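Asker: To start, I am sharing the structure in question, which I have written as structure tokens.
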Amino acid sequence: MSAAEEVVAEGHERVEAVPKRAMTLGTTTSLVVLAALLIVPVFAKNFIIFQITMLLIYGLAVLALNILTGGSGQFSLGQSAFYAVGAYTAAVLMEQFNVNYALTLPIAGVICFGFGYLFGKPALRLSGVYLALATFALATAMPQLLKLNFLEHWTGGVQGLVVTKPDAPFGLKVSQDTWLYYFTLAVTVAIYIFSVNLLRSRSGRAFMAIRDNEIAASSMGVNVALYKTLAFGVSAGITGVSGALGAIAVQFVAPDSYTITLAISLFLGMVVGGVGWLPGSFVGAAFIIFVPNIAESISKGLSGAVFGVLLFLVIFLVPHGARQVAIVSQQLLGKLRK
Amino acid sequence: MELFTNQILAGIATGAIYACMALAVVMIYQAIDHLNFAQGEMAMFATFVSWQLMQWGVPYWGAFALTLVFAFAGGIVIERVLFKPLAKAPILTNVAGFIALFAIINSCAGLIWDFTIKQYPTPFGSAPFLGSQLISTHQAGMIGVTLLLLIGLFFFFQYTRIGLAMRAAAALPESARLVGINTSWMIALGWGMASAIGAIAGMLIAPVVFLEPNMMGGVLIYGFAAAVLGGLTSPFGAVVGGFLMGVFENLAGTYIPGVGNELKLPIALALIISVLVVKPAGLFGRHIVKRV
């Protein structure tokens with residue numbers, strides 16, 4: 001069996017080709033969702049507000065993975081590592097250097113962008129399962145690296161760091177949770193708009209060309225190496241910001257919060273939300289936050305099995321995730337209008 | 001120098017575990033073209049079944065044979081019931097399915113047999129092998145069984161009609177269908193065989209790592225890594241990769257200062273990635289040529 005004789009028509013990692021218009025929601029729907037999110041704190045209790053804050057934060061992390069996988073066709077199990085770097089950046093800056101919490105976000109984003117960009121360099125040679133393994137290695141190494149002795153002075157070692165929750169500024173009379181919620185919402189909206197525009201731009205088109213066919217893209221003049229590493233960088237940067245927000249919201253960072261389990265959850269969130277459909281990231285985030293709790297409440301001893309069965313149900317009913325639901329309901333609405 | 005040879009021997013002994021698991025991984029990869037994350041859990045469940053049979057008084061080899069049949073049938077049933085309907089779904093959805101299967105099997109095994117650690121017997125005894133303190137007869141037996149399996153698989157794939165049909169179905173499904181191969185059942189057969197090989201791996205590993213629902217977590221990761229290192233298309237590469245993995249891991253733990261048990265895995269993985277950067281298809285893997 002010589003290498004050249006074996007011709008395989010398709011690559012290993014086939015990520016669906018999603019046209020760029022199908023990647024977002026219409027303007028009206030987006031505004032309705034935004035309005036609903038703005039009103040929520042008026043009715044909800046603090047705990048629910050906290051949970052929705054976490055939903056937005058995980059949603060951002062899933063969105064970042066979605067840009068990488070759904071956009072540029074690269075698969076990553078290492079998102080938890082970028083999330084951890086973002087979280088630690090925020091925590092260390094706030095607690096050891098007294099930096100304002102709002103300033104830590106862009107710093108975390110920039111640091112993670114650099115980290116992701118550099119990681120994307122060697123990963124260029126790998127694709128499919130090989131890339132999955134490389135990113136997986138990163139995810140397993142990260143908690144151990146954070147525990148290293150010579151970093152303990154800053155990171156607090158195994159014990160981690162406690163982060164102070166910020167108060168509402170300008171003497172606003174809202175609870176810390178509510179303020180953090182609005183703060184997170186603002187950041188989320190900004191990043192969401194950025195991502196949508198990124199995918200509509202020249203770079204976004206380059207990502208999708210690479211996803212759909214790398215060889216064809218490169219022969220059309222797309223700089224494959226540049227855009228693949230750029231996708232890694234952007235994805236890591238957004239994950240870093242979401243990690244920083246996560247650290248502020250949870251008020252605690254420790255190495256063992258950022259294991260491979262987190263990366264797998266984010267991956268599941270992406271699949272449930274629909275690969276390549278940005279709004280689906282938040283649906284997926286809702287799935288990974290609420291469904292384990294539901295499973296736990298159905299059966300304590302078998303919570304894992306219940307979770308698995310629910311996940312199977314979802315992927316059996318809608319193999320393309322929430323995107324499929326959106327498309328079907330859009331068609332139904334169209335029919336009703338006629 | 002003696003420390004060095006000893007560490008290599010110990011590495012080969014642990015490497016046998018990884019090699020066994022890597023064989024199962026390559027088997028399923030040949031059949032379905034992606035990695036099955038639930039493979040380790042399937043093997044763990046089969047191992048528990050054999051343990052239960054022995055508790056009920058079935059002798060070791062009887063339980064061994066029954067478990068193989070159970071694992072083979074179980075693998076086919078899982079494919080027919082859960083993954084055949086997903087055949088047209090995107091690959092990433094399938095991967096999510098593997099994760100779901102992982103959660104279900106792990107949780108069910110925990111409920112049936114609970115999470116306490118159990119002793120598991122070995123058919124080879126645990127005396128030192130040829131006077132060496134580092135390799136026991138069990139580990140030597142394990143290496144023997146792995147090599148036997150490898151030879152068996154080689155003959156199966158190279159010299160039997162059904163092995164040829166399976167290779168054809170995996171390489172070019174559409175052309176294979178045109179010449180009358182039932183590709184859908186070839187996939188099911190691949191699941192069954194991978195599950196059975198996994199069960200053998202589980203039963204050989206259990207005396208070393210002890211029996212409990214989470215016993216396979218670490219082993220499967222090393223198995224994947226070994227398979228990827230050796231090249232996912234080559235059973236021989238998988239076995240070589242498994243032994244290399246064991247040796248790497250032991251040497252890193254001994255000679256690199258500050259590497260405790262917890263950093264062993266990341267270092268071994270980092271080494272593999274450096275190998276992959278130079279040889280992207282693994283050491284013995286076939287390079288796949290893509291058509292635009």
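By order of appearance in the structure tokens: chains A, B, ..., then residues from 1 within every chain, and ligands from 1 in the order shown.
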Quick one: which residues from chain B are at most 8 Å off chain A, using only C-alpha atoms, as a PyMOL selection string?
Answerer: chain B and resi 33-35+85-86+89-93+96-97+99-108+111+171-172+225+228+262-263+265-266+269-270+273+276-277+280+286-292
Asker: Near Gln139 of chain B, within 12 Å and counting only C-alpha atoms, which residues show up once chain neighbours fewer than 2 positions away are dropped, as an NGL selection string?
Answerer: :B and (9-17 or 20 or 122-130 or 132-137 or 141-146 or 204-208)
Asker: Run DSSP on the backbone and tell me which residues of segment 126-307 of chain A come out as strand (DSSP E); list them as a list in words.
Answerer: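 DSSP-assigned strand (DSSP E) residues in segment 126-307 of chain A: Leu161, Val162, Phe252 and Val253 of chain A.
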Asker: Please provide the set of residues having any atom within 6 Å of Gly231 of chain B, restricted to only C-alpha atoms, with same-chain residues fewer than 5 positions apart removed, written as an NGL selection string.
Answerer: :B and (237 or 281-285)
Asker: With N, CA, C and O atoms retained, write the just-selected residues as a PDB file, in the first residue's frame.
Answerer:
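Everything below was put into out.pdb:
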ATOM      1  N   GLY B 237       1.512  -0.256  14.714  1.00  0.00           N
ATOM      2  CA  GLY B 237       1.940   1.032  15.244  1.00  0.00           C
ATOM      3  C   GLY B 237       1.350   1.275  16.619  1.00  0.00           C
ATOM      4  O   GLY B 237       2.010   1.814  17.509  1.00  0.00           O
ATOM      5  N   ALA B 281       1.095  11.907  10.520  1.00  0.00           N
ATOM      6  CA  ALA B 281       0.216  10.742  10.476  1.00  0.00           C
ATOM      7  C   ALA B 281       0.645   9.671  11.471  1.00  0.00           C
ATOM      8  O   ALA B 281       0.199   8.535  11.398  1.00  0.00           O
ATOM      9  N   GLY B 282       1.494  10.031  12.433  1.00  0.00           N
ATOM     10  CA  GLY B 282       1.970   9.031  13.387  1.00  0.00           C
ATOM     11  C   GLY B 282       3.152   8.269  12.829  1.00  0.00           C
ATOM     12  O   GLY B 282       3.515   8.411  11.658  1.00  0.00           O
ATOM     13  N   LEU B 283       3.771   7.436  13.677  1.00  0.00           N
ATOM     14  CA  LEU B 283       5.007   6.779  13.258  1.00  0.00           C
ATOM     15  C   LEU B 283       4.787   5.806  12.109  1.00  0.00           C
ATOM     16  O   LEU B 283       5.568   5.742  11.169  1.00  0.00           O
ATOM     17  N   PHE B 284       3.700   5.018  12.180  1.00  0.00           N
ATOM     18  CA  PHE B 284       3.494   3.996  11.158  1.00  0.00           C
ATOM     19  C   PHE B 284       2.224   4.224  10.350  1.00  0.00           C
ATOM     20  O   PHE B 284       1.763   3.356   9.649  1.00  0.00           O
ATOM     21  N   GLY B 285       1.614   5.386  10.524  1.00  0.00           N
ATOM     22  CA  GLY B 285       0.332   5.632   9.855  1.00  0.00           C
ATOM     23  C   GLY B 285       0.514   5.906   8.379  1.00  0.00           C
ATOM     24  O   GLY B 285       1.574   6.322   7.922  1.00  0.00           O
TER      25      GLY B 285
END
Asker: Let's see if you can do this: from backbone DSSP, list all alpha helix (DSSP H) residues in segment 30-245 of chain B, as a PyMOL selection string.
Answerer: chain B and resi 30-32+39-55+60-78+91-113+137-159+161-171+173-178+183-209+216-230+235-245
Asker: Could you write out the selected residues, including C-alpha atoms, as a short mmCIF file (atom, residue, chain, number, x, y, z; two decimals), in the first residue's frame?
Answerer:
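Final output, saved to part-v9.cif:
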data_model
loop_
_atom_site.label_atom_id
_atom_site.label_comp_id
_atom_site.auth_asym_id
_atom_site.auth_seq_id
_atom_site.Cartn_x
_atom_site.Cartn_y
_atom_site.Cartn_z
CA GLN B 30 -10.60 1.35 11.25
CA ALA B 31 -14.29 0.55 11.33
CA ILE B 32 -15.93 3.93 11.93
CA GLN B 39 -14.43 2.63 24.64
CA GLY B 40 -12.79 2.54 28.04
CA GLU B 41 -16.13 2.50 29.82
CA MET B 42 -17.36 -0.33 27.61
CA ALA B 43 -14.25 -2.30 28.53
CA MET B 44 -14.75 -1.50 32.22
CA PHE B 45 -18.35 -2.70 32.09
CA ALA B 46 -17.32 -5.96 30.41
CA THR B 47 -14.64 -6.47 33.06
CA PHE B 48 -17.26 -6.02 35.77
CA VAL B 49 -19.45 -8.61 34.05
CA SER B 50 -16.60 -11.12 34.10
CA TRP B 51 -15.97 -10.32 37.78
CA GLN B 52 -19.65 -10.89 38.54
CA LEU B 53 -19.56 -14.22 36.69
CA MET B 54 -16.58 -15.29 38.78
CA GLN B 55 -18.39 -14.26 41.94
CA TYR B 60 -11.70 -17.82 35.09
CA TRP B 61 -11.50 -18.97 31.48
CA GLY B 62 -15.22 -19.69 31.34
CA ALA B 63 -15.95 -16.18 32.54
CA PHE B 64 -13.35 -14.87 30.09
CA ALA B 65 -15.06 -16.55 27.12
CA LEU B 66 -18.57 -15.58 28.22
CA THR B 67 -17.47 -11.97 28.68
CA LEU B 68 -15.98 -11.88 25.20
CA VAL B 69 -19.30 -13.04 23.76
CA PHE B 70 -21.15 -10.50 25.90
CA ALA B 71 -18.82 -7.66 24.86
CA PHE B 72 -19.01 -8.59 21.19
CA ALA B 73 -22.81 -8.69 21.26
CA GLY B 74 -22.97 -5.56 23.39
CA GLY B 75 -20.80 -3.63 20.94
CA ILE B 76 -23.05 -4.63 18.04
CA VAL B 77 -26.21 -3.75 19.97
CA ILE B 78 -24.84 -0.32 20.91
CA ILE B 91 -19.30 13.91 13.13
CA LEU B 92 -19.25 16.26 16.10
CA THR B 93 -22.77 15.11 17.01
CA ASN B 94 -21.47 11.54 17.00
CA VAL B 95 -18.67 12.57 19.34
CA ALA B 96 -21.27 14.07 21.68
CA GLY B 97 -23.03 10.70 21.49
CA PHE B 98 -19.84 8.97 22.67
CA ILE B 99 -19.64 11.33 25.62
CA ALA B 100 -23.27 10.59 26.48
CA LEU B 101 -22.57 6.85 26.28
CA PHE B 102 -19.57 7.35 28.55
CA ALA B 103 -21.74 9.04 31.17
CA ILE B 104 -24.46 6.38 30.97
CA ILE B 105 -22.16 3.36 31.28
CA ASN B 106 -20.04 4.90 34.02
CA SER B 107 -23.04 5.86 36.08
CA CYS B 108 -24.80 2.49 35.64
CA ALA B 109 -21.68 0.54 36.62
CA GLY B 110 -21.36 2.75 39.69
CA LEU B 111 -24.94 2.01 40.67
CA ILE B 112 -24.75 -1.77 40.07
CA TRP B 113 -21.31 -2.49 41.53
CA THR B 137 4.42 -13.15 35.32
CA HIS B 138 1.11 -11.35 34.93
CA GLN B 139 2.73 -8.49 33.08
CA ALA B 140 4.70 -10.89 30.92
CA GLY B 141 1.46 -12.74 30.19
CA MET B 142 -0.17 -9.45 29.29
CA ILE B 143 2.58 -8.61 26.82
CA GLY B 144 2.21 -12.12 25.36
CA VAL B 145 -1.56 -11.79 24.95
CA THR B 146 -1.16 -8.34 23.34
CA LEU B 147 1.30 -9.71 20.80
CA LEU B 148 -0.95 -12.71 20.10
CA LEU B 149 -3.89 -10.38 19.54
CA LEU B 150 -1.82 -8.30 17.19
CA ILE B 151 -0.79 -11.32 15.14
CA GLY B 152 -4.39 -12.57 15.10
CA LEU B 153 -5.66 -9.21 13.89
CA PHE B 154 -2.99 -9.05 11.22
CA PHE B 155 -4.04 -12.40 9.80
CA PHE B 156 -7.71 -11.49 10.11
CA PHE B 157 -7.33 -8.29 8.13
CA GLN B 158 -4.85 -9.58 5.57
CA TYR B 159 -6.00 -13.10 4.83
CA ARG B 161 -12.53 -12.37 3.18
CA ILE B 162 -14.37 -10.66 5.97
CA GLY B 163 -11.25 -8.79 7.07
CA LEU B 164 -10.76 -7.59 3.52
CA ALA B 165 -14.42 -6.55 3.33
CA MET B 166 -14.04 -4.57 6.55
CA ARG B 167 -10.98 -2.77 5.24
CA ALA B 168 -12.78 -1.98 2.02
CA ALA B 169 -15.84 -0.69 3.83
CA ALA B 170 -13.70 1.60 5.97
CA ALA B 171 -11.50 2.89 3.15
CA PRO B 173 -17.59 2.88 1.63
CA GLU B 174 -19.29 3.69 -1.64
CA SER B 175 -17.10 1.52 -3.86
CA ALA B 176 -17.38 -1.24 -1.27
CA ARG B 177 -21.17 -1.09 -1.47
CA LEU B 178 -20.97 -1.33 -5.26
CA THR B 183 -20.96 -1.75 4.79
CA SER B 184 -23.51 -1.05 7.50
CA TRP B 185 -22.95 -4.49 9.05
CA MET B 186 -19.20 -4.16 8.64
CA ILE B 187 -19.39 -1.13 10.92
CA ALA B 188 -21.43 -3.10 13.45
CA LEU B 189 -18.90 -5.92 13.26
CA GLY B 190 -16.12 -3.40 13.85
CA TRP B 191 -17.91 -2.17 16.98
CA GLY B 192 -18.31 -5.75 18.20
CA MET B 193 -14.66 -6.62 17.66
CA ALA B 194 -13.43 -3.38 19.19
CA SER B 195 -15.64 -3.98 22.18
CA ALA B 196 -14.34 -7.56 22.56
CA ILE B 197 -10.70 -6.44 22.30
CA GLY B 198 -11.47 -3.73 24.82
CA ALA B 199 -12.89 -6.39 27.13
CA ILE B 200 -9.69 -8.44 26.87
CA ALA B 201 -7.70 -5.29 27.65
CA GLY B 202 -9.96 -4.58 30.63
CA MET B 203 -9.61 -8.08 32.06
CA LEU B 204 -5.82 -7.95 31.69
CA ILE B 205 -5.54 -4.47 33.17
CA ALA B 206 -7.89 -5.02 36.11
CA PRO B 207 -5.40 -7.03 38.24
CA VAL B 208 -2.92 -4.14 37.96
CA VAL B 209 -5.11 -1.04 38.41
CA MET B 216 -10.27 3.13 32.57
CA GLY B 217 -10.18 6.93 32.54
CA GLY B 218 -6.41 7.27 32.62
CA VAL B 219 -5.75 4.09 30.65
CA LEU B 220 -7.96 5.17 27.75
CA ILE B 221 -6.17 8.50 27.44
CA TYR B 222 -2.84 6.70 27.23
CA GLY B 223 -4.40 4.25 24.80
CA PHE B 224 -5.56 7.08 22.54
CA ALA B 225 -2.20 8.76 22.76
CA ALA B 226 -0.42 5.50 21.96
CA ALA B 227 -2.68 4.84 19.00
CA VAL B 228 -2.17 8.34 17.65
CA LEU B 229 1.58 8.10 18.18
CA GLY B 230 1.78 4.82 16.30
CA PRO B 235 -2.46 -2.00 14.63
CA PHE B 236 1.28 -2.68 14.74
CA GLY B 237 1.94 1.03 15.24
CA ALA B 238 -0.57 1.09 18.08
CA VAL B 239 1.28 -1.65 19.96
CA VAL B 240 4.65 -0.01 19.40
CA GLY B 241 3.12 3.31 20.44
CA GLY B 242 1.78 1.72 23.62
CA PHE B 243 5.18 0.41 24.68
CA LEU B 244 6.91 3.69 23.77
CA MET B 245 4.29 5.55 25.79
#
Asker: Got a sec: who's within 10 Å of Val92 of chain A, counting only C-alpha atoms, leaving out chain neighbours fewer than 2 positions off, as a list in words?
Answerer: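 The contact residues come out as Ala87, Tyr88, Thr89, Ala90, Met94, Glu95, Gln96, Phe97, Asn98, Val99, Thr104, Trp154, Thr155, Gly156, Leu161, Val162, Val163 and Val253 of chain A.
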Asker: Kindly give the distance, in Å, that separates atom CA of Phe183 of chain A and atom CA of Phe113 of chain A, rounded to a single decimal.
Answerer: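 Taking atom CA of Phe183 of chain A and atom CA of Phe113 of chain A, their separation equals 21.8 Å.
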Asker: Could you name the residues that touch segment 40-47 of chain A at 12 Å or less, counting only C-alpha atoms, but leaving out those on the same chain fewer than 2 positions away, as a list in words?
Answerer: Val33, Leu34, Ala35, Ala36, Leu37, Leu38, Ile49, Phe50, Gln51, Ile52, Thr53, Met54, Val174, Ser175, Gln176, Asp177, Thr178, Trp179, Leu180, Tyr181, Tyr182, Leu185 and Ala249 of chain A
Asker: Output the selection as a short mmCIF file (atom, residue, chain, number, x, y, z; two decimals), in the first residue's frame - N, CA and C atoms for each residue.
Answerer:
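Done, and the output landed in result_7.cif:
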data_model
loop_
_atom_site.label_atom_id
_atom_site.label_comp_id
_atom_site.auth_asym_id
_atom_site.auth_seq_id
_atom_site.Cartn_x
_atom_site.Cartn_y
_atom_site.Cartn_z
N VAL A 33 -34.69 39.36 22.18
CA VAL A 33 -33.92 38.60 23.17
C VAL A 33 -33.19 39.56 24.11
N LEU A 34 -32.59 40.60 23.52
CA LEU A 34 -31.84 41.56 24.33
C LEU A 34 -32.76 42.25 25.33
N ALA A 35 -33.95 42.65 24.87
CA ALA A 35 -34.90 43.32 25.76
C ALA A 35 -35.28 42.40 26.91
N ALA A 36 -35.54 41.12 26.58
CA ALA A 36 -35.90 40.16 27.62
C ALA A 36 -34.77 40.05 28.64
N LEU A 37 -33.52 39.99 28.15
CA LEU A 37 -32.38 39.86 29.05
C LEU A 37 -32.23 41.10 29.93
N LEU A 38 -32.60 42.29 29.38
CA LEU A 38 -32.48 43.52 30.17
C LEU A 38 -33.50 43.55 31.30
N ILE A 49 -30.44 35.34 38.97
CA ILE A 49 -29.61 36.30 38.25
C ILE A 49 -28.19 35.78 38.11
N PHE A 50 -27.68 35.19 39.21
CA PHE A 50 -26.33 34.63 39.17
C PHE A 50 -26.23 33.53 38.12
N GLN A 51 -27.28 32.69 38.06
CA GLN A 51 -27.23 31.59 37.09
C GLN A 51 -27.25 32.11 35.66
N ILE A 52 -28.04 33.16 35.43
CA ILE A 52 -28.08 33.70 34.06
C ILE A 52 -26.75 34.37 33.73
N THR A 53 -26.13 35.00 34.74
CA THR A 53 -24.79 35.56 34.52
C THR A 53 -23.85 34.45 34.07
N MET A 54 -23.89 33.31 34.78
CA MET A 54 -23.01 32.20 34.42
C MET A 54 -23.34 31.70 33.01
N VAL A 174 -28.15 49.07 43.33
CA VAL A 174 -28.51 47.73 42.89
C VAL A 174 -27.57 46.75 43.60
N SER A 175 -28.04 45.50 43.73
CA SER A 175 -27.21 44.52 44.43
C SER A 175 -25.99 44.18 43.57
N GLN A 176 -24.96 43.60 44.24
CA GLN A 176 -23.75 43.22 43.51
C GLN A 176 -24.06 42.27 42.37
N ASP A 177 -24.98 41.32 42.63
CA ASP A 177 -25.32 40.33 41.60
C ASP A 177 -25.92 41.01 40.38
N THR A 178 -26.85 41.94 40.64
CA THR A 178 -27.52 42.61 39.52
C THR A 178 -26.51 43.43 38.71
N TRP A 179 -25.64 44.14 39.44
CA TRP A 179 -24.64 44.93 38.73
C TRP A 179 -23.76 44.05 37.86
N LEU A 180 -23.31 42.93 38.45
CA LEU A 180 -22.43 42.04 37.71
C LEU A 180 -23.14 41.49 36.49
N TYR A 181 -24.45 41.25 36.66
CA TYR A 181 -25.25 40.74 35.55
C TYR A 181 -25.24 41.73 34.39
N TYR A 182 -25.52 43.01 34.70
CA TYR A 182 -25.55 44.00 33.62
C TYR A 182 -24.18 44.19 33.00
N LEU A 185 -23.63 41.30 30.79
CA LEU A 185 -24.48 41.41 29.61
C LEU A 185 -23.86 42.37 28.60
N ALA A 249 -17.33 36.46 38.78
CA ALA A 249 -18.68 36.04 39.19
C ALA A 249 -18.65 34.98 40.27
#
Asker: Rounded to one decimal place, report the atom CA of Leu63 of chain A-atom CA of Asp256 of chain A distance in Å.
Answerer: 23.0 Å
